[in-house]
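Listing of my_file19.txt; format and content: compact mmCIF, C-alpha atoms.
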# COMPACT_ATOMS: atom_id res chain seq x y z
CA MET A 253 15.44 -3.58 -8.60
CA ILE A 254 14.69 -5.46 -11.80
CA LEU A 255 12.58 -8.59 -12.09
CA ASN A 256 12.32 -10.68 -15.21
CA THR A 257 8.59 -10.76 -15.89
CA ASP A 258 8.95 -12.93 -19.02
CA SER A 259 10.90 -15.61 -17.24
CA MET A 260 9.54 -19.13 -16.84
CA LYS A 261 10.26 -18.56 -13.16
CA PRO A 262 7.40 -17.09 -11.16
CA ILE A 263 8.13 -13.79 -9.43
CA TYR A 264 7.96 -15.32 -5.95
CA VAL A 265 10.64 -17.83 -6.93
CA GLN A 266 12.78 -14.98 -8.25
CA ILE A 267 12.33 -13.21 -4.91
CA ALA A 268 13.35 -16.37 -3.03
CA GLU A 269 16.42 -16.78 -5.24
CA TRP A 270 17.40 -13.15 -4.85
CA LEU A 271 17.22 -13.53 -1.07
CA GLU A 272 19.27 -16.71 -1.29
CA GLY A 273 21.86 -14.73 -3.22
CA GLU A 274 21.92 -12.06 -0.50
CA ILE A 275 22.59 -14.80 2.06
CA LEU A 276 25.16 -16.51 -0.17
CA TYR A 277 27.16 -13.29 -0.67
CA GLU A 278 26.74 -12.54 3.05
CA ASN A 279 24.90 -9.27 2.48
CA ILE A 280 22.56 -10.72 5.07
CA LYS A 281 24.37 -12.87 7.60
CA GLU A 282 23.16 -15.85 9.57
CA GLU A 283 21.00 -14.97 12.59
CA GLU A 284 20.29 -11.54 11.05
CA ARG A 285 16.82 -10.32 10.23
CA ILE A 286 15.74 -10.72 6.61
CA TYR A 287 13.52 -8.24 4.71
CA SER A 288 9.82 -8.30 5.58
CA GLN A 289 7.15 -8.97 2.95
CA TYR A 290 6.30 -5.26 3.00
CA GLN A 291 9.90 -4.18 2.47
CA LEU A 292 10.24 -6.62 -0.41
CA ALA A 293 6.93 -5.44 -1.91
CA GLU A 294 8.25 -1.87 -1.79
CA MET A 295 11.67 -2.75 -3.18
CA PHE A 296 10.41 -4.78 -6.13
CA THR A 297 7.03 -3.02 -6.67
CA ILE A 298 5.12 -6.25 -6.19
CA ASN A 299 2.05 -7.22 -4.22
CA PRO A 300 2.94 -8.12 -0.61
CA ALA A 301 1.20 -11.49 -1.08
CA THR A 302 3.77 -12.36 -3.77
CA ALA A 303 6.61 -11.27 -1.51
CA ALA A 304 5.19 -13.34 1.35
CA LYS A 305 5.14 -16.42 -0.87
CA GLY A 306 8.81 -15.85 -1.72
CA LEU A 307 9.65 -15.72 1.98
CA ASN A 308 7.58 -18.84 2.60
CA VAL A 309 9.62 -20.77 0.07
CA LEU A 310 12.69 -20.04 2.21
CA ALA A 311 10.85 -20.80 5.44
CA ASP A 312 9.70 -24.17 4.06
CA GLU A 313 13.35 -25.06 3.47
CA SER A 314 14.30 -23.74 6.91
CA ILE A 315 16.65 -21.19 5.33
CA VAL A 316 14.81 -18.58 7.38
CA TYR A 317 12.79 -18.97 10.54
CA LYS A 318 10.16 -16.89 12.27
CA LYS A 319 10.73 -15.18 15.58
CA ARG A 320 7.35 -14.39 17.03
CA GLY A 321 6.66 -10.69 16.80
CA LEU A 322 10.13 -9.91 15.45
CA GLY A 323 9.99 -11.15 11.86
CA MET A 324 12.00 -13.64 9.83
CA PHE A 325 15.65 -14.42 10.54
CA VAL A 326 18.35 -16.26 8.60
CA SER A 327 18.99 -19.73 10.03
CA GLN A 328 22.35 -21.06 11.09
CA ASN A 329 24.09 -22.93 8.26
CA ALA A 330 21.74 -21.31 5.74
CA LYS A 331 24.66 -20.39 3.49
CA GLN A 332 26.03 -23.93 3.38
CA PHE A 333 22.54 -25.28 2.73
CA ILE A 334 22.02 -22.92 -0.22
CA LEU A 335 25.43 -23.80 -1.66
CA THR A 336 24.71 -27.51 -1.50
CA LYS A 337 21.22 -27.11 -2.90
CA ARG A 338 22.30 -24.93 -5.81
CA ARG A 339 25.09 -27.33 -6.71
CA SER A 340 22.80 -30.30 -6.95
CA GLN A 341 19.70 -28.55 -8.35
CA VAL A 342 20.69 -25.51 -10.40
CA LEU A 343 24.02 -26.76 -11.67
CA GLY A 344 22.59 -30.24 -12.17
CA GLN A 345 19.73 -28.87 -14.28
CA MET A 346 22.10 -26.70 -16.34
CA ILE A 347 24.28 -29.69 -17.07
CA LYS A 348 21.25 -31.72 -18.08
CA GLU A 349 20.25 -29.04 -20.56
CA LEU A 350 23.84 -28.76 -21.76
CA VAL A 351 23.89 -32.48 -22.52
CA ILE A 352 20.56 -32.34 -24.38
CA GLU A 353 21.75 -29.45 -26.52
CA ALA A 354 25.11 -31.16 -27.15
CA ASN A 355 23.33 -34.30 -28.32
CA ARG A 356 21.11 -32.25 -30.59
CA LEU A 357 24.20 -30.63 -32.12
CA GLU A 358 25.99 -33.98 -32.38
CA VAL A 359 28.78 -32.96 -30.04
CA SER A 360 30.51 -36.01 -28.57
CA GLU A 361 31.16 -36.50 -24.85
CA SER A 362 34.91 -35.95 -25.15
CA GLU A 363 34.34 -32.86 -27.27
CA LEU A 364 31.94 -31.50 -24.68
CA SER A 365 34.36 -32.03 -21.78
CA ARG A 366 37.11 -30.37 -23.80
CA MET A 367 34.83 -27.36 -24.33
CA ILE A 368 34.14 -27.21 -20.59
CA GLN A 369 37.86 -27.38 -19.79
CA GLN A 370 38.55 -24.61 -22.27
CA ALA A 371 35.82 -22.42 -20.79
CA ARG A 372 37.24 -22.94 -17.31
CA GLN A 373 40.70 -22.00 -18.51
CA GLU A 374 39.46 -18.84 -20.21
CA ASN A 375 37.56 -17.91 -17.09
CA GLU A 376 40.66 -18.34 -14.91
CA GLU A 377 42.77 -16.26 -17.27
CA GLU A 378 40.17 -13.48 -17.22
CA GLN A 379 40.28 -13.40 -13.45
CA LEU A 380 44.05 -13.05 -13.30
CA MET B 209 -14.18 -10.08 5.72
CA SER B 210 -15.65 -9.62 2.28
CA VAL B 211 -16.17 -6.09 1.02
CA ILE B 212 -18.03 -6.97 -2.17
CA GLN B 213 -20.42 -9.85 -2.54
CA CYS B 214 -22.75 -10.58 -5.41
CA GLU B 215 -24.96 -13.49 -6.30
CA GLY B 216 -26.68 -13.92 -9.66
CA LEU B 217 -26.05 -10.25 -10.37
CA THR B 218 -27.55 -9.15 -13.70
CA LYS B 219 -27.71 -5.81 -15.50
CA SER B 220 -29.65 -5.57 -18.73
CA TYR B 221 -29.75 -2.76 -21.24
CA GLY B 222 -32.89 -3.63 -23.19
CA LYS B 223 -32.41 -7.17 -24.42
CA ILE B 224 -28.65 -7.15 -23.92
CA LYS B 225 -27.27 -8.46 -20.66
CA ALA B 226 -24.12 -6.49 -19.86
CA ILE B 227 -23.69 -8.49 -16.65
CA ASP B 228 -25.21 -11.96 -16.65
CA HIS B 229 -25.75 -13.90 -13.40
CA LEU B 230 -22.40 -12.96 -11.92
CA SER B 231 -21.43 -14.29 -8.51
CA ILE B 232 -18.23 -13.07 -6.90
CA GLU B 233 -16.75 -12.24 -3.55
CA ILE B 234 -13.94 -9.76 -2.98
CA LYS B 235 -12.13 -9.81 0.33
CA GLU B 236 -10.96 -6.84 2.33
CA ASN B 237 -7.62 -5.18 1.56
CA LYS B 238 -6.86 -7.05 -1.63
CA ILE B 239 -5.81 -5.46 -4.90
CA THR B 240 -7.89 -7.09 -7.63
CA GLY B 241 -7.49 -6.56 -11.37
CA LEU B 242 -10.70 -6.68 -13.39
CA ILE B 243 -9.80 -7.89 -16.86
CA GLY B 244 -11.95 -8.41 -19.93
CA ARG B 245 -12.24 -7.53 -23.59
CA ASN B 246 -13.96 -4.37 -24.81
CA GLY B 247 -17.66 -4.63 -24.04
CA SER B 248 -17.28 -7.51 -21.61
CA GLY B 249 -19.12 -5.63 -18.85
CA LYS B 250 -16.22 -4.29 -16.74
CA THR B 251 -17.45 -0.72 -16.44
CA THR B 252 -21.06 -1.78 -15.83
CA LEU B 253 -19.92 -4.04 -13.00
CA LEU B 254 -17.72 -1.36 -11.41
CA LYS B 255 -20.48 1.24 -11.67
CA MET B 256 -22.96 -1.07 -9.94
CA ILE B 257 -20.45 -1.71 -7.16
CA ALA B 258 -19.90 2.02 -6.75
CA GLY B 259 -23.67 2.55 -6.61
CA TYR B 260 -23.88 4.52 -9.88
CA LEU B 261 -26.09 1.93 -11.57
CA LYS B 262 -28.94 -0.12 -10.22
CA PRO B 263 -28.79 -3.88 -10.83
CA THR B 264 -31.62 -5.36 -12.92
CA SER B 265 -31.75 -8.49 -10.78
CA GLY B 266 -29.68 -10.54 -8.38
CA GLU B 267 -28.00 -9.58 -5.16
CA LEU B 268 -25.15 -7.11 -4.69
CA LYS B 269 -23.73 -6.11 -1.32
CA VAL B 270 -20.90 -3.65 -0.70
CA PHE B 271 -19.91 -3.29 2.95
CA SER B 272 -23.00 -5.49 3.57
CA GLU B 273 -25.28 -2.89 1.97
CA LYS B 274 -26.96 -2.42 -1.39
CA PRO B 275 -24.71 0.22 -2.94
CA PHE B 276 -27.36 1.98 -5.05
CA ASN B 277 -28.52 5.11 -3.20
CA SER B 278 -26.41 4.18 -0.16
CA LEU B 279 -24.74 7.09 1.60
CA ASP B 280 -22.59 4.69 3.53
CA VAL B 281 -21.13 3.09 0.41
CA SER B 282 -20.75 6.48 -1.21
CA ALA B 283 -18.78 7.86 1.74
CA ASN B 284 -16.49 4.82 1.87
CA SER B 285 -15.75 4.42 -1.81
CA ILE B 286 -14.38 6.37 -4.74
CA PHE B 287 -14.87 5.60 -8.42
CA VAL B 288 -12.13 6.98 -10.64
CA ASP B 289 -12.37 7.06 -14.43
CA ASP B 290 -11.58 9.53 -17.19
CA THR B 291 -15.08 11.01 -17.28
CA MET B 292 -15.08 12.44 -13.75
CA ALA B 293 -16.63 15.88 -14.08
CA PHE B 294 -15.79 18.94 -11.99
CA PRO B 295 -17.25 22.44 -12.15
CA ASP B 296 -15.31 24.66 -14.52
CA SER B 297 -15.28 27.46 -11.96
CA LEU B 298 -12.81 25.45 -9.88
CA THR B 299 -9.11 25.33 -10.63
CA LEU B 300 -7.14 22.12 -10.06
CA ILE B 301 -5.90 23.33 -6.70
CA ASP B 302 -9.47 24.28 -5.69
CA ILE B 303 -10.60 20.76 -6.55
CA LEU B 304 -7.89 19.25 -4.36
CA SER B 305 -9.01 21.31 -1.37
CA GLU B 306 -12.74 20.80 -2.03
CA VAL B 307 -12.65 16.98 -2.36
CA ALA B 308 -10.84 16.80 0.99
CA ALA B 309 -14.19 17.50 2.69
CA PHE B 310 -15.79 14.42 1.10
CA TYR B 311 -13.27 11.80 2.15
CA ALA B 312 -12.57 11.08 5.81
CA ASN B 313 -9.12 9.57 5.16
CA TRP B 314 -8.00 12.21 2.65
CA ASN B 315 -4.23 12.68 2.73
CA SER B 316 -3.63 16.24 1.62
CA SER B 317 0.17 16.16 1.82
CA LEU B 318 0.26 13.08 -0.41
CA ALA B 319 -2.18 14.72 -2.83
CA ARG B 320 -0.07 17.88 -2.98
CA GLY B 321 3.14 15.86 -3.28
CA LEU B 322 1.84 13.91 -6.28
CA PHE B 323 0.33 17.08 -7.76
CA ASP B 324 3.71 18.81 -7.69
CA TYR B 325 5.62 15.73 -8.81
CA PHE B 326 3.50 15.50 -11.96
CA SER B 327 3.99 19.25 -12.52
CA PHE B 328 0.35 20.33 -12.63
CA ASN B 329 -0.45 23.99 -12.95
CA PRO B 330 -2.53 24.82 -9.84
CA HIS B 331 -4.60 27.46 -11.62
CA GLN B 332 -5.65 25.44 -14.64
CA PRO B 333 -9.29 24.30 -14.96
CA HIS B 334 -9.86 20.53 -15.08
CA SER B 335 -11.55 20.66 -18.49
CA ASN B 336 -8.38 22.02 -20.15
CA LEU B 337 -6.28 19.02 -19.21
CA SER B 338 -5.07 16.63 -21.90
CA LYS B 339 -6.38 13.07 -21.85
CA GLY B 340 -3.30 11.72 -20.10
CA SER B 341 -3.10 14.57 -17.58
CA LYS B 342 -6.78 14.16 -16.77
CA SER B 343 -6.20 10.48 -15.99
CA THR B 344 -3.18 11.38 -13.87
CA PHE B 345 -5.03 14.05 -11.92
CA ASN B 346 -8.03 11.78 -11.32
CA SER B 347 -5.72 9.01 -10.16
CA ILE B 348 -4.20 11.37 -7.59
CA LEU B 349 -7.71 11.81 -6.19
CA GLY B 350 -8.13 8.04 -6.17
CA ILE B 351 -4.92 7.42 -4.26
CA ALA B 352 -5.06 10.36 -1.83
CA SER B 353 -8.71 9.71 -0.86
CA ARG B 354 -7.58 6.46 0.79
CA CYS B 355 -11.12 5.13 0.55
CA PRO B 356 -11.75 1.69 2.09
CA LEU B 357 -13.02 0.74 -1.38
CA THR B 358 -11.06 2.37 -4.18
CA ILE B 359 -12.19 1.67 -7.75
CA PHE B 360 -10.22 2.62 -10.84
CA ASP B 361 -11.83 2.12 -14.24
CA GLU B 362 -9.10 2.17 -16.90
CA PRO B 363 -7.06 4.64 -14.82
CA THR B 364 -4.10 4.78 -17.18
CA THR B 365 -5.96 5.85 -20.36
CA GLY B 366 -3.72 8.29 -22.19
CA MET B 367 -0.89 8.19 -19.65
CA ASP B 368 2.57 7.74 -21.14
CA SER B 369 4.62 4.78 -20.04
CA ALA B 370 6.69 6.71 -17.48
CA VAL B 371 3.58 8.12 -15.78
CA ARG B 372 1.94 4.68 -15.76
CA LYS B 373 4.95 3.22 -13.97
CA ASP B 374 4.89 6.06 -11.45
CA PHE B 375 1.17 5.55 -10.92
CA TYR B 376 1.51 1.82 -10.23
CA ARG B 377 4.35 2.45 -7.80
CA ALA B 378 2.59 5.31 -6.03
CA LEU B 379 -0.54 3.21 -5.66
CA LEU B 380 1.39 0.24 -4.27
CA LYS B 381 3.46 2.35 -1.89
CA ASP B 382 0.43 4.06 -0.44
CA TYR B 383 -1.41 0.73 -0.26
CA LEU B 384 1.47 -0.73 1.79
CA GLU B 385 1.25 2.22 4.13
CA TYR B 386 -2.52 2.29 4.24
CA PRO B 387 -4.05 -1.04 3.13
CA ARG B 388 -7.49 -0.88 1.51
CA THR B 389 -9.60 -2.78 -1.00
CA ILE B 390 -8.63 -1.76 -4.51
CA LEU B 391 -10.36 -2.72 -7.74
CA LEU B 392 -8.68 -1.82 -11.03
CA SER B 393 -9.84 -2.47 -14.55
CA SER B 394 -7.24 -2.31 -17.26
CA HIS B 395 -6.18 -3.63 -20.64
CA LEU B 396 -2.51 -3.47 -19.70
CA LEU B 397 -2.41 -6.53 -17.51
CA SER B 398 1.26 -7.27 -18.14
CA GLU B 399 2.20 -3.86 -16.74
CA LEU B 400 0.23 -4.02 -13.57
CA GLU B 401 -0.04 -7.68 -12.70
CA GLU B 402 2.89 -7.53 -10.28
CA ILE B 403 1.03 -5.19 -7.95
CA LEU B 404 -2.17 -7.26 -8.09
CA GLU B 405 -3.06 -10.05 -5.71
CA ASP B 406 -6.11 -11.42 -7.55
CA ILE B 407 -7.44 -11.35 -11.07
CA LEU B 408 -11.08 -11.42 -12.07
CA LEU B 409 -11.50 -12.22 -15.76
CA ILE B 410 -14.96 -11.61 -17.20
CA ASN B 411 -16.36 -12.21 -20.66
CA HIS B 412 -19.87 -11.40 -21.93
CA GLY B 413 -20.81 -10.37 -18.41
CA THR B 414 -19.92 -13.70 -16.84
CA LYS B 415 -16.99 -14.79 -14.72
CA LEU B 416 -14.30 -16.82 -16.49
CA LEU B 417 -11.67 -16.84 -13.76
CA HIS B 418 -11.20 -15.40 -10.31
CA LEU B 419 -7.92 -16.44 -8.76
CA PRO B 420 -4.58 -15.19 -7.42
CA VAL B 421 -2.31 -13.75 -10.13
CA MET B 422 0.38 -16.19 -9.04
CA GLU B 423 -1.87 -19.09 -10.00
CA LEU B 424 -2.91 -17.52 -13.29
CA LYS B 425 0.74 -17.16 -14.27
CA GLU B 426 1.27 -20.87 -13.84
CA LEU B 427 -2.06 -21.98 -15.25
CA ALA B 428 -0.87 -22.70 -18.78
CA VAL B 429 2.24 -23.53 -20.79
CA GLY B 430 3.03 -23.16 -24.46
CA LEU B 431 4.62 -25.96 -26.47
CA ARG B 432 6.31 -25.33 -29.78
CA GLY B 433 7.87 -27.61 -32.33
CA ASN B 434 7.16 -30.34 -34.85
CA THR B 435 3.39 -30.62 -35.34
CA GLN B 436 3.24 -34.37 -34.90
CA ALA B 437 5.45 -34.33 -31.82
CA VAL B 438 3.31 -31.62 -30.25
CA PHE B 439 0.14 -33.56 -31.05
CA SER B 440 1.53 -36.74 -29.54
CA PHE B 441 1.59 -34.93 -26.18
CA VAL B 442 -1.63 -32.91 -26.34
CA GLU B 443 -3.93 -35.28 -28.22
CA GLY B 444 -7.29 -35.70 -26.52
CA LYS B 445 -6.60 -32.81 -24.16
CA GLU B 446 -8.33 -29.48 -24.17
CA ILE B 447 -6.31 -26.98 -26.15
CA ILE B 448 -6.60 -23.33 -25.16
CA TYR B 449 -4.92 -21.92 -28.24
CA GLN B 450 -3.09 -23.21 -31.26
CA GLU B 451 -1.21 -21.60 -34.07
CA GLU B 452 0.66 -23.04 -37.02
CA PHE B 453 3.50 -20.61 -37.46
CA ALA B 454 5.52 -22.47 -40.09
CA LYS B 455 4.91 -25.54 -42.18
CA GLY B 456 5.00 -28.60 -39.96
CA SER B 457 5.50 -26.46 -36.85
CA LEU B 458 2.87 -25.89 -34.22
CA TYR B 459 2.48 -23.74 -31.10
CA VAL B 460 -0.08 -24.97 -28.61
CA VAL B 461 -1.22 -23.55 -25.27
CA ILE B 462 -2.55 -26.02 -22.74
CA ARG B 463 -3.32 -26.14 -19.03
CA ARG B 464 -0.15 -26.98 -17.15
CA GLU B 465 -1.82 -29.57 -14.92
CA LEU B 466 -2.71 -31.66 -17.99
CA ILE B 467 0.92 -32.21 -18.94
CA GLN B 468 2.81 -31.49 -15.71
CA GLN B 469 4.00 -35.12 -15.47
CA GLN B 470 5.33 -35.12 -19.04
CA LEU B 471 7.22 -31.81 -19.03
CA GLU B 472 10.65 -33.43 -18.70
CA GLN B 473 9.83 -35.90 -21.48
CA ILE B 474 8.61 -33.05 -23.68
CA ARG B 475 11.79 -31.11 -23.11
CA GLN B 476 13.90 -34.10 -23.99
CA SER B 477 11.98 -34.72 -27.19
CA GLY B 478 13.23 -31.35 -28.41
CA LEU B 479 10.03 -29.35 -28.09
CA GLU B 480 10.30 -25.87 -26.64
CA ILE B 481 8.29 -25.02 -23.55
CA PHE B 482 7.24 -21.44 -22.93
CA PRO B 483 5.54 -19.65 -20.08
CA VAL B 484 2.28 -18.06 -21.24
CA SER B 485 1.93 -14.44 -20.20
CA THR B 486 -1.24 -13.59 -18.31
CA ASP B 487 -2.02 -11.07 -21.05
CA ASP B 488 -1.90 -13.68 -23.80
CA LEU B 489 -3.73 -16.23 -21.71
CA CYS B 490 -6.61 -13.84 -21.03
CA VAL B 491 -6.84 -13.09 -24.76
CA TYR B 492 -6.88 -16.80 -25.62
CA LEU B 493 -9.48 -17.58 -22.98
CA THR B 494 -11.82 -14.86 -24.22
CA ALA B 495 -11.29 -15.54 -27.94
CA LYS B 496 -14.17 -16.72 -30.10
CA THR B 497 -12.02 -19.13 -32.13
CA LYS B 498 -8.95 -21.16 -31.27
CA GLY B 499 -6.82 -19.53 -33.97
CA GLY B 500 -7.63 -15.87 -33.25
CA ILE B 501 -7.56 -13.25 -36.00
CA ASP B 502 -5.76 -15.62 -38.39
CA ASP B 503 -8.92 -17.70 -38.70
CA VAL B 504 -10.60 -14.75 -40.41
CA PHE B 505 -8.00 -14.83 -43.17
CA LYS B 506 -8.15 -18.60 -43.61
CA ARG B 507 -11.75 -18.57 -44.88
CA GLY B 508 -12.36 -19.11 -48.56

Whole structure given in structure tokens:
Amino acid sequence: MILNTDSMKPIYVQIAEWLEGEILYENIKEEERIYSQYQLAEMFTINPATAAKGLNVLADESIVYKKRGLGMFVSQNAKQFILTKRRSQVLGQMIKELVIEANRLEVSESELSRMIQQARQENEEEQL
Amino acid sequence: MSVIQCEGLTKSYGKIKAIDHLSIEIKENKITGLIGRNGSGKTTLLKMIAGYLKPTSGELKVFSEKPFNSLDVSANSIFVDDTMAFPDSLTLIDILSEVAAFYANWNSSLARGLFDYFSFNPHQPHSNLSKGSKSTFNSILGIASRCPLTIFDEPTTGMDSAVRKDFYRALLKDYLEYPRTILLSSHLLSELEEILEDILLINHGTKLLHLPVMELKELAVGLRGNTQAVFSFVEGKEIIYQEEFAKGSLYVVIRRELIQQQLEQIRQSGLEIFPVSTDDLCVYLTAKTKGGIDDVFKRG
């Protein structure tokens, strides 16, 4: 498993996001047990304290919950929650940055939306 | 429970203080990285903790005992570096079986497994090993001894990059299986920081930082862009490092908490924001001048 150590994102955030991805793609389903801090430490070659912090990020958002003595489990509706959160936060942030860069390059609003439309089209054609 | 505790610890060599009024506490079952420039006192500190050197003054307790001349500390700790000496009459495989008697938790199948994995010749004497192989062999002893206090002083000296990666992973895997207090000194912080929990940064024998790696990684940010724009954000604040890398362009490293509120504004003003690697940050924090080596060339 590869982590990006140069990223602005701390490792524990990358762990949390990777776990979110696993839930999103249903590799781990709702009400199933999620990896323990020790399993994550082993998988990513990281200190278990870092892995625990990644799990805590998810627990704080109630994406996972603790069953006493059994470990952490994926909450009901976790997938929907992650989808909604990523739409508003991740996509929102990307669009913000897109707009800043477009302004810097003197790309007008209509030009920018045309570029987005074109990218969507190309993406659809590739998938056919 | 704390395994290592020191208060005003000092070690002098003549007039020079290698360790100068150091006070630290290291808790049980943590992996701590001891970082510092050449000559900062890392080895002296580790050797006092292991009981090899006697402190000049101050208090040092390891497992609640003074480590110097303590059988108890000696039996519960191992100090691994590249100068470990073994009798030439023993082959490598003899050494593996002999050290087993000294360490209560010795894991002989792990030792043999690592020995074979790194393709050692069982009948070779220790003194014939290359620099990198010596470090690798000694590290096997360090891992397989499973000592409650395991100390590595520059364990990766001479190891190639593949072996270093294997060493870090082997150490972490065995730590997960058998947690213990581990102290590692190294210059290659970027390589090993992911397996560390805490970092202790020392300079001139004194403590600069002692905190979780996760906090160190978020301690500072770098800003790059137009000199005046950068200054408008950092003016009056303590600058950790600065470098003019092109005319009218400046790179500045500053504590994140000082500009946390303005990060969005900074981004929008077109300045670039970078994470500062722990490696770079430690170099900046221990540098004599704010501009580093470039300052030497600016004179005259």

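Reported to one decimal place, the separation of atom CA of B:Gly350 from atom CA of A:Ile298 is 19.5 Å.
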
Contacts of A:Leu310 at 10 Å or less, counting only C-alpha atoms, minus same-chain residues fewer than 2 places along, as JSON, numbers by chain? {"A": [265, 267, 268, 269, 271, 272, 305, 306, 307, 308, 312, 313, 314, 315, 316, 317, 324, 326, 330]}

If you measure from atom CA of B:Gly321 to atom CA of B:Ser398, what distance in Å do you get, rounded to one decimal? 27.6 Å

Based on only C-alpha atoms, which of the residues in chain A come within 10 Å of chain B? I want them as a VMD selection string. chain A and resid 255 257 to 264 290 to 291 293 to 302 305 348 to 349 352 to 353 356

Here is a test: counting all atoms listed in the file, which residue of A:Ile275, A:Leu292, A:Val351, A:Ile280 is nearest to A:Phe333? A:Ile275

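All residues that come within 12 Å of the coordinates (-4.7, 24.0, -5.3), counting only C-alpha atoms, are given as Leu298, Thr299, Leu300, Ile301, Asp302, Ile303, Leu304, Ser305, Glu306, Val307, Ala308, Ser316, Ser317, Ala319, Arg320, Gly321, Phe323, Asp324, Phe328, Asn329, Pro330, His331, Gln332, Pro333, His334 and Phe345 of chain B.
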
Since we have the selection now, will you write its residues out, keeping C-alpha atoms, as a PDB file, in the coordinates of the input?
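Result file is result.pdb:
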ATOM      1  CA  LEU B 298     -12.810  25.450  -9.880  1.00  0.00           C
ATOM      2  CA  THR B 299      -9.110  25.330 -10.630  1.00  0.00           C
ATOM      3  CA  LEU B 300      -7.140  22.120 -10.060  1.00  0.00           C
ATOM      4  CA  ILE B 301      -5.900  23.330  -6.700  1.00  0.00           C
ATOM      5  CA  ASP B 302      -9.470  24.280  -5.690  1.00  0.00           C
ATOM      6  CA  ILE B 303     -10.600  20.760  -6.550  1.00  0.00           C
ATOM      7  CA  LEU B 304      -7.890  19.250  -4.360  1.00  0.00           C
ATOM      8  CA  SER B 305      -9.010  21.310  -1.370  1.00  0.00           C
ATOM      9  CA  GLU B 306     -12.740  20.800  -2.030  1.00  0.00           C
ATOM     10  CA  VAL B 307     -12.650  16.980  -2.360  1.00  0.00           C
ATOM     11  CA  ALA B 308     -10.840  16.800   0.990  1.00  0.00           C
ATOM     12  CA  SER B 316      -3.630  16.240   1.620  1.00  0.00           C
ATOM     13  CA  SER B 317       0.170  16.160   1.820  1.00  0.00           C
ATOM     14  CA  ALA B 319      -2.180  14.720  -2.830  1.00  0.00           C
ATOM     15  CA  ARG B 320      -0.070  17.880  -2.980  1.00  0.00           C
ATOM     16  CA  GLY B 321       3.140  15.860  -3.280  1.00  0.00           C
ATOM     17  CA  PHE B 323       0.330  17.080  -7.760  1.00  0.00           C
ATOM     18  CA  ASP B 324       3.710  18.810  -7.690  1.00  0.00           C
ATOM     19  CA  PHE B 328       0.350  20.330 -12.630  1.00  0.00           C
ATOM     20  CA  ASN B 329      -0.450  23.990 -12.950  1.00  0.00           C
ATOM     21  CA  PRO B 330      -2.530  24.820  -9.840  1.00  0.00           C
ATOM     22  CA  HIS B 331      -4.600  27.460 -11.620  1.00  0.00           C
ATOM     23  CA  GLN B 332      -5.650  25.440 -14.640  1.00  0.00           C
ATOM     24  CA  PRO B 333      -9.290  24.300 -14.960  1.00  0.00           C
ATOM     25  CA  HIS B 334      -9.860  20.530 -15.080  1.00  0.00           C
ATOM     26  CA  PHE B 345      -5.030  14.050 -11.920  1.00  0.00           C
TER      27      PHE B 345
END

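Taking atom CA of B:Asn336 as the reference point, atom CA of B:Gly366 is found at 14.6 Å.
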